[in-house]
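A.B. asks: File input.cif below, mmCIF, C-alpha atoms:
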data_input
#
loop_
_atom_site.label_atom_id
_atom_site.label_comp_id
_atom_site.auth_asym_id
_atom_site.auth_seq_id
_atom_site.Cartn_x
_atom_site.Cartn_y
_atom_site.Cartn_z
CA MET A 11 76.76 64.00 -46.86
CA LEU A 12 77.96 62.32 -50.07
CA SER A 13 74.74 63.01 -51.96
CA ASN A 14 75.04 66.68 -50.99
CA ASN A 15 78.22 66.79 -53.09
CA GLY A 16 76.45 65.81 -56.30
CA LEU A 17 76.96 62.04 -56.14
CA SER A 18 74.08 59.78 -57.08
CA PRO A 19 73.09 56.70 -55.01
CA LEU A 20 74.65 54.51 -57.72
CA GLU A 21 77.98 56.32 -57.50
CA ILE A 22 78.01 56.24 -53.70
CA VAL A 23 77.40 52.48 -53.63
CA PHE A 24 79.97 51.81 -56.35
CA GLY A 25 82.65 53.97 -54.74
CA ARG A 26 82.14 52.36 -51.36
CA PHE A 27 82.43 48.79 -52.63
CA LEU A 28 85.19 49.60 -55.13
CA ILE A 29 87.40 50.54 -52.19
CA ALA A 30 86.37 47.36 -50.38
CA SER A 31 87.10 45.25 -53.48
CA LEU A 32 90.59 46.71 -53.82
CA ILE A 33 91.21 45.65 -50.23
CA PHE A 34 89.76 42.16 -50.63
CA ILE A 35 91.55 41.17 -53.87
CA PRO A 36 95.08 40.93 -52.38
CA ILE A 37 93.70 39.39 -49.17
CA LEU A 38 91.93 36.59 -51.04
CA PHE A 39 94.95 36.03 -53.27
CA VAL A 40 97.29 35.56 -50.30
CA LEU A 41 94.86 33.35 -48.38
CA SER A 42 94.12 31.15 -51.40
CA ARG A 43 97.76 30.01 -51.47
CA ASN A 44 97.44 28.26 -48.10
CA ARG A 45 93.72 27.52 -47.68
CA ASP A 46 91.19 25.55 -49.67
CA ASP A 47 88.11 27.43 -48.42
CA ILE A 48 88.82 30.63 -50.36
CA ILE A 49 88.28 29.79 -54.04
CA PRO A 50 84.61 28.99 -54.76
CA SER A 51 83.64 25.82 -56.61
CA LYS A 52 81.08 25.74 -59.42
CA GLU A 53 78.17 24.99 -57.06
CA MET A 54 79.09 28.05 -54.98
CA ILE A 55 78.84 30.53 -57.86
CA LEU A 56 75.06 30.96 -57.89
CA PRO A 57 74.73 31.49 -54.10
CA LEU A 58 77.56 34.03 -54.26
CA VAL A 59 75.93 35.89 -57.14
CA GLY A 60 72.65 35.90 -55.21
CA LEU A 61 74.48 37.20 -52.13
CA SER A 62 76.33 39.88 -54.10
CA ILE A 63 73.07 41.20 -55.57
CA THR A 64 70.93 41.04 -52.43
CA GLY A 65 73.60 41.93 -49.88
CA VAL A 66 75.91 44.28 -51.76
CA SER A 67 74.75 45.97 -54.95
CA ILE A 68 70.99 46.14 -55.54
CA ASN A 69 69.87 46.45 -51.92
CA ASN A 70 72.37 49.26 -51.21
CA LEU A 71 71.50 51.03 -54.46
CA ILE A 72 67.80 51.04 -53.57
CA PHE A 73 68.56 51.95 -49.95
CA TYR A 74 70.63 55.02 -50.88
CA ALA A 75 67.98 56.07 -53.39
CA GLY A 76 65.39 55.91 -50.62
CA LEU A 77 67.69 57.64 -48.14
CA ASP A 78 68.02 60.51 -50.61
CA LEU A 79 64.24 61.02 -50.32
CA THR A 80 63.57 60.51 -46.62
CA ASP A 81 65.11 61.20 -43.22
CA ALA A 82 68.02 59.04 -42.08
CA SER A 83 66.32 58.55 -38.70
CA ILE A 84 63.16 57.16 -40.33
CA ALA A 85 65.25 54.91 -42.58
CA SER A 86 67.04 53.58 -39.50
CA LEU A 87 63.74 52.63 -37.89
CA LEU A 88 62.56 50.85 -41.04
CA VAL A 89 65.70 48.69 -40.97
CA SER A 90 64.13 46.98 -37.94
CA ILE A 91 61.97 44.86 -40.29
CA ASN A 92 65.11 43.02 -41.43
CA PRO A 93 64.67 40.09 -38.99
CA LEU A 94 61.16 39.49 -40.33
CA ALA A 95 62.38 39.67 -43.93
CA THR A 96 65.20 37.28 -43.05
CA MET A 97 62.74 34.86 -41.47
CA LEU A 98 60.55 34.81 -44.57
CA SER A 99 63.52 34.31 -46.88
CA ALA A 100 64.71 31.40 -44.71
CA VAL A 101 61.28 29.82 -45.09
CA ILE A 102 61.50 30.16 -48.88
CA LEU A 103 65.21 29.48 -49.52
CA LEU A 104 66.17 27.23 -46.60
CA ASN A 105 62.85 25.37 -46.26
CA GLU A 106 62.31 26.49 -42.67
CA LYS A 107 58.84 25.82 -41.26
CA MET A 108 56.30 28.67 -41.15
CA THR A 109 54.82 28.56 -37.64
CA GLN A 110 51.93 30.37 -35.99
CA ARG A 111 54.35 32.67 -34.16
CA LYS A 112 55.96 33.59 -37.49
CA TYR A 113 52.58 34.52 -38.95
CA ILE A 114 51.86 36.72 -35.92
CA SER A 115 55.26 38.40 -36.18
CA VAL A 116 54.71 39.16 -39.87
CA ILE A 117 51.34 40.76 -39.12
CA LEU A 118 52.84 42.88 -36.32
CA GLY A 119 55.70 43.85 -38.60
CA MET A 120 53.32 44.99 -41.32
CA ILE A 121 51.33 47.07 -38.82
CA GLY A 122 54.52 48.60 -37.44
CA VAL A 123 55.82 49.45 -40.90
CA ALA A 124 52.52 51.06 -41.84
CA ILE A 125 52.75 53.27 -38.76
CA VAL A 126 56.40 54.18 -39.36
CA ILE A 127 55.66 55.11 -42.98
CA GLY A 128 52.58 57.04 -41.89
CA PHE A 129 51.19 60.09 -43.58
CA GLY A 130 52.26 62.80 -41.15
CA SER A 131 54.98 65.39 -41.27
CA ASP A 132 57.22 63.35 -38.94
CA THR A 133 57.47 60.26 -41.16
CA GLY A 134 59.60 61.43 -44.09
CA SER A 135 58.83 60.81 -47.75
CA ILE A 136 56.40 57.98 -48.57
CA LYS A 137 58.32 57.10 -51.75
CA GLY A 138 61.63 57.17 -49.90
CA ASN A 139 60.23 55.02 -47.09
CA LEU A 140 58.91 52.42 -49.55
CA LEU A 141 62.33 52.23 -51.22
CA ILE A 142 63.95 51.69 -47.82
CA ILE A 143 61.51 48.86 -47.08
CA LEU A 144 62.20 47.22 -50.45
CA ALA A 145 65.96 47.45 -49.82
CA VAL A 146 65.62 45.89 -46.36
CA ILE A 147 63.49 43.04 -47.72
CA ILE A 148 66.11 42.32 -50.38
CA TRP A 149 68.83 42.54 -47.75
CA GLY A 150 66.95 40.00 -45.63
CA THR A 151 67.32 37.38 -48.35
CA SER A 152 71.10 37.83 -48.33
CA PHE A 153 71.30 36.09 -44.93
CA SER A 154 70.03 32.89 -46.51
CA PHE A 155 72.42 33.13 -49.47
CA SER A 156 75.27 33.63 -47.00
CA LYS A 157 74.26 30.51 -45.08
CA ILE A 158 74.04 28.49 -48.30
CA SER A 159 77.55 29.64 -49.26
CA SER A 160 78.98 28.68 -45.87
CA ASN A 161 77.26 25.29 -46.06
CA HIS A 162 79.27 24.67 -49.24
CA GLY A 163 82.51 25.10 -47.29
CA LEU A 164 83.43 28.70 -48.13
CA SER A 165 84.98 30.71 -45.27
CA SER A 166 83.35 33.88 -43.99
CA ILE A 167 86.13 36.12 -45.31
CA ALA A 168 85.88 34.48 -48.74
CA ILE A 169 82.08 34.86 -48.74
CA THR A 170 82.48 38.53 -47.88
CA GLY A 171 85.27 39.21 -50.35
CA TRP A 172 83.79 37.46 -53.36
CA SER A 173 80.31 38.90 -52.78
CA VAL A 174 81.75 42.42 -52.57
CA ILE A 175 83.90 41.94 -55.69
CA ILE A 176 81.06 40.42 -57.73
CA GLY A 177 78.63 43.06 -56.50
CA THR A 178 81.02 45.83 -57.54
CA LEU A 179 81.43 44.32 -61.00
CA THR A 180 77.65 44.22 -61.47
CA LEU A 181 77.55 47.97 -60.86
CA LEU A 182 80.50 48.83 -63.13
CA PRO A 183 78.57 49.06 -66.46
CA PHE A 184 76.10 51.51 -64.91
CA VAL A 185 78.70 54.00 -63.64
CA MET A 186 81.07 54.03 -66.60
CA ASN A 187 79.31 57.00 -68.22
CA ARG A 188 78.66 58.94 -65.02
CA SER A 189 80.47 62.23 -64.57
CA SER A 190 79.57 63.23 -61.00
CA TYR A 191 82.85 61.82 -59.69
CA ARG A 192 84.69 64.45 -61.74
CA HIS A 193 82.31 67.18 -60.60
CA PHE A 194 82.81 66.66 -56.90
CA MET A 195 86.62 66.74 -57.31
CA ASP A 196 86.24 70.51 -57.76
CA SER A 197 84.24 70.80 -54.54
CA ALA A 198 85.70 72.41 -51.45
CA ASP A 199 84.62 69.31 -49.51
CA VAL A 200 86.58 66.86 -51.66
CA VAL A 201 88.87 65.75 -48.80
CA GLU A 202 85.92 65.21 -46.48
CA VAL A 203 84.13 63.20 -49.18
CA GLN A 204 87.18 61.02 -49.72
CA ILE A 205 87.43 60.39 -45.97
CA TRP A 206 83.78 59.28 -45.89
CA PHE A 207 84.37 56.94 -48.83
CA LEU A 208 87.38 55.39 -47.09
CA PHE A 209 85.40 54.99 -43.88
CA MET A 210 82.51 53.31 -45.70
CA GLY A 211 84.85 51.11 -47.73
CA ILE A 212 87.07 49.93 -44.88
CA PHE A 213 84.82 49.81 -41.83
CA SER A 214 81.29 49.49 -43.25
CA SER A 215 82.13 47.24 -46.22
CA VAL A 216 85.10 45.14 -45.08
CA LEU A 217 85.27 44.77 -41.31
CA ALA A 218 81.54 44.92 -40.64
CA TYR A 219 80.68 42.50 -43.47
CA ILE A 220 83.31 39.95 -42.38
CA ILE A 221 81.99 39.98 -38.81
CA HIS A 222 78.41 39.76 -40.07
CA TYR A 223 78.94 36.78 -42.40
CA LYS A 224 81.03 34.99 -39.75
CA ALA A 225 78.13 35.34 -37.34
CA VAL A 226 75.70 33.97 -39.95
CA GLU A 227 78.07 31.04 -40.57
CA VAL A 228 78.26 30.17 -36.85
CA LEU A 229 74.79 31.06 -35.58
CA GLY A 230 72.58 30.93 -38.67
CA PRO A 231 70.49 33.70 -40.27
CA GLY A 232 67.60 33.46 -37.81
CA LYS A 233 69.72 34.19 -34.74
CA VAL A 234 71.85 36.88 -36.38
CA ALA A 235 69.01 38.89 -37.92
CA PRO A 236 67.71 40.37 -34.62
CA SER A 237 71.13 41.96 -34.05
CA THR A 238 70.25 44.40 -36.84
CA ASN A 239 67.94 46.10 -34.36
CA ILE A 240 71.05 47.86 -33.09
CA ILE A 241 70.98 49.80 -36.38
CA PRO A 242 67.75 51.74 -35.69
CA VAL A 243 68.98 52.88 -32.28
CA SER A 244 72.46 53.92 -33.46
CA GLY A 245 71.00 55.37 -36.66
CA VAL A 246 68.63 57.66 -34.80
CA ILE A 247 71.38 58.74 -32.39
CA PHE A 248 73.89 59.59 -35.14
CA SER A 249 71.18 61.21 -37.28
CA TYR A 250 70.55 63.56 -34.39
CA LEU A 251 74.25 64.18 -33.61
CA ILE A 252 75.50 64.55 -37.20
CA LEU A 253 72.46 65.58 -39.27
CA LYS A 254 70.52 67.32 -36.46
CA GLU A 255 67.44 65.21 -37.24
CA SER A 256 64.98 64.51 -34.44
CA ILE A 257 62.32 61.83 -34.28
CA GLN A 258 59.05 61.64 -32.40
CA GLY A 259 55.42 60.59 -32.69
CA SER A 260 54.12 57.68 -34.78
CA PRO A 261 57.51 56.38 -36.07
CA VAL A 262 58.53 55.48 -32.51
CA LEU A 263 55.26 53.59 -31.95
CA GLY A 264 55.65 51.72 -35.24
CA PHE A 265 59.24 50.82 -34.35
CA LEU A 266 58.11 49.35 -31.00
CA ILE A 267 55.44 47.26 -32.73
CA ILE A 268 58.02 45.92 -35.21
CA LEU A 269 60.28 45.00 -32.28
CA LEU A 270 57.34 43.20 -30.68
CA GLY A 271 56.94 41.16 -33.86
CA VAL A 272 60.63 40.26 -33.78
CA TYR A 273 60.33 39.27 -30.10
CA VAL A 274 57.36 37.03 -30.83
CA VAL A 275 59.23 35.00 -33.45
CA GLN A 276 62.49 34.86 -31.47
CA ARG A 277 60.99 34.01 -28.08
CA LYS A 278 61.63 30.42 -27.09
CA PRO A 279 58.45 28.50 -26.23
CA LYS A 280 58.11 27.49 -22.60
CA LEU A 281 58.72 23.85 -21.87
CA SER A 282 55.61 22.07 -20.70
CA ASN A 283 55.71 20.47 -17.22
CA THR A 284 53.36 17.78 -18.42
CA LEU A 285 55.08 14.56 -19.42
CA GLN A 286 54.16 13.76 -22.98
CA VAL A 287 53.56 10.05 -23.66
#
Write the structure described by the file as structure tokens, please.
C.D. replies:
Amino acid sequence: MLSNNGLSPLEIVFGRFLIASLIFIPILFVLSRNRDDIIPSKEMILPLVGLSITGVSINNLIFYAGLDLTDASIASLLVSINPLATMLSAVILLNEKMTQRKYISVILGMIGVAIVIGFGSDTGSIKGNLLIILAVIIWGTSFSFSKISSNHGLSSIAITGWSVIIGTLTLLPFVMNRSSYRHFMDSADVVEVQIWFLFMGIFSSVLAYIIHYKAVEVLGPGKVAPSTNIIPVSGVIFSYLILKESIQGSPVLGFLIILLGVYVVQRKPKLSNTLQV
């Protein structure tokens, strides 16, 4: 919708998070007067920068670039690899152990992704699909940065607010010379575009992010990541209802294989009835 009005992926991401930043700045200012878990200390800066890049700016920029080249329904299915990407980032950044089940899940995920990408007419653009995968992998690492930030004593609303503000600032130099914002103001759909920006800024970038980072703080990245599998289902449904896109064939099979990989790594091992001495 927004890209159809002449806005680039960069401008869409910046506009979305600019609105969110303008909401977060007064909230953080008011909260900082009565709470000590709002202002980050020096050791929190690097995790927040990492979170702002992987969870706010770069991953969304790449995602929208990919979405501009492929179907929204296919992109939604590819988001299902997020739990696997999160698992791998937790192994690297949080020193979690790489088990046999995790290896199996990674292999299944790779097979599923290969099928979703595919080479048929029902799998969207190969280039667009690869960009979506890269964005999801980067997004997966943000779960670990969020956990590191919460371990340093920063509240979930502060983690969300500061990451959004920092992420928006990292995008500012790249949009200063863009003129598409002025072009779409002359469009007949300008009011509709503004409504979509407000929706993305308030609901998708403020409320959803606060809930997400609070869940990571309480449950940890490994347990929260599988919840992202709601995205493929809702994404396909709304792609059909709003964009009139339909999905069938190999992408569905690949999605089911990815879900199997997620199930393998999340399934709790059965307790043995044999008494271990």
A.B. asks: Output the residue selection produced by the PyMOL selection byres ((chain A and resi 139-144) around 12) on the file above, formatted as a PyMOL selection string.
C.D. replies: chain A and resi 64+68-92+94-95+119-120+122-129+133-138+145-151+261
A.B. asks: Take the point (66.3, 24.6, -43.3) in the file's coordinates, draw a sphere of radius 12 Å around it, and report as a PyMOL selection string every protein, DNA or RNA residue with an atom inside or on it, counting only C-alpha atoms.
C.D. replies: chain A and resi 97-108+154+157-158+161+230-232
A.B. asks: Put the listed atoms of stretch 68-78 of chain A in a box along x, y and z with 8 Å added on every side and give me the centre and edge lengths in Å to one decimal, as AutoDock Vina command-line options.
C.D. replies:
--center_x 68.9 --center_y 53.3 --center_z -51.8 --size_x 23.0 --size_y 30.4 --size_z 23.4
A.B. asks: Show me as a tab-separated table (two decimals) with C-alpha atoms, keeping the file's coordinate frame the residues that reach within 12 Å of (81.6, 40.0, -51.4), counting all atoms listed in the file and using the file's own coordinates.
C.D. replies:
chain	number	residue	atom	x	y	z
A	27	PHE	CA	82.43	48.79	-52.63
A	28	LEU	CA	85.19	49.60	-55.13
A	30	ALA	CA	86.37	47.36	-50.38
A	31	SER	CA	87.10	45.25	-53.48
A	32	LEU	CA	90.59	46.71	-53.82
A	33	ILE	CA	91.21	45.65	-50.23
A	34	PHE	CA	89.76	42.16	-50.63
A	35	ILE	CA	91.55	41.17	-53.87
A	38	LEU	CA	91.93	36.59	-51.04
A	48	ILE	CA	88.82	30.63	-50.36
A	50	PRO	CA	84.61	28.99	-54.76
A	55	ILE	CA	78.84	30.53	-57.86
A	57	PRO	CA	74.73	31.49	-54.10
A	58	LEU	CA	77.56	34.03	-54.26
A	59	VAL	CA	75.93	35.89	-57.14
A	60	GLY	CA	72.65	35.90	-55.21
A	61	LEU	CA	74.48	37.20	-52.13
A	62	SER	CA	76.33	39.88	-54.10
A	63	ILE	CA	73.07	41.20	-55.57
A	64	THR	CA	70.93	41.04	-52.43
A	65	GLY	CA	73.60	41.93	-49.88
A	66	VAL	CA	75.91	44.28	-51.76
A	67	SER	CA	74.75	45.97	-54.95
A	152	SER	CA	71.10	37.83	-48.33
A	155	PHE	CA	72.42	33.13	-49.47
A	156	SER	CA	75.27	33.63	-47.00
A	159	SER	CA	77.55	29.64	-49.26
A	164	LEU	CA	83.43	28.70	-48.13
A	165	SER	CA	84.98	30.71	-45.27
A	166	SER	CA	83.35	33.88	-43.99
A	167	ILE	CA	86.13	36.12	-45.31
A	168	ALA	CA	85.88	34.48	-48.74
A	169	ILE	CA	82.08	34.86	-48.74
A	170	THR	CA	82.48	38.53	-47.88
A	171	GLY	CA	85.27	39.21	-50.35
A	172	TRP	CA	83.79	37.46	-53.36
A	173	SER	CA	80.31	38.90	-52.78
A	174	VAL	CA	81.75	42.42	-52.57
A	175	ILE	CA	83.90	41.94	-55.69
A	176	ILE	CA	81.06	40.42	-57.73
A	177	GLY	CA	78.63	43.06	-56.50
A	178	THR	CA	81.02	45.83	-57.54
A	179	LEU	CA	81.43	44.32	-61.00
A	180	THR	CA	77.65	44.22	-61.47
A	215	SER	CA	82.13	47.24	-46.22
A	216	VAL	CA	85.10	45.14	-45.08
A	217	LEU	CA	85.27	44.77	-41.31
A	218	ALA	CA	81.54	44.92	-40.64
A	219	TYR	CA	80.68	42.50	-43.47
A	220	ILE	CA	83.31	39.95	-42.38
A	222	HIS	CA	78.41	39.76	-40.07
A	223	TYR	CA	78.94	36.78	-42.40
A.B. asks: What is the distance between atom CA of A:Ser18 and atom CA of A:Ile212, in Å to one decimal?
C.D. replies: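 Atom-to-atom, atom CA of A:Ser18 to atom CA of A:Ile212, that is 20.4 Å.
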A.B. asks: For A:Gly163, which residue among A:Ile49, A:Ile221, A:Ile268, A:Leu17 is the nearest when counting only C-alpha atoms?
C.D. replies: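 Checking each of A:Ile49, A:Ile221, A:Ile268, A:Leu17 against A:Gly163, counting only C-alpha atoms, the winner is A:Ile49.
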A.B. asks: At what distance in Å, to one decimal, does atom CA of A:Val228 lie from atom CA of A:Val272?
C.D. replies: 20.5 Å
A.B. asks: Using atom CA of A:Val23 and atom CA of A:Leu208 as the two end points, give the distance in Å to one decimal.
C.D. replies: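 Separation of atom CA of A:Val23 and atom CA of A:Leu208: 12.3 Å.
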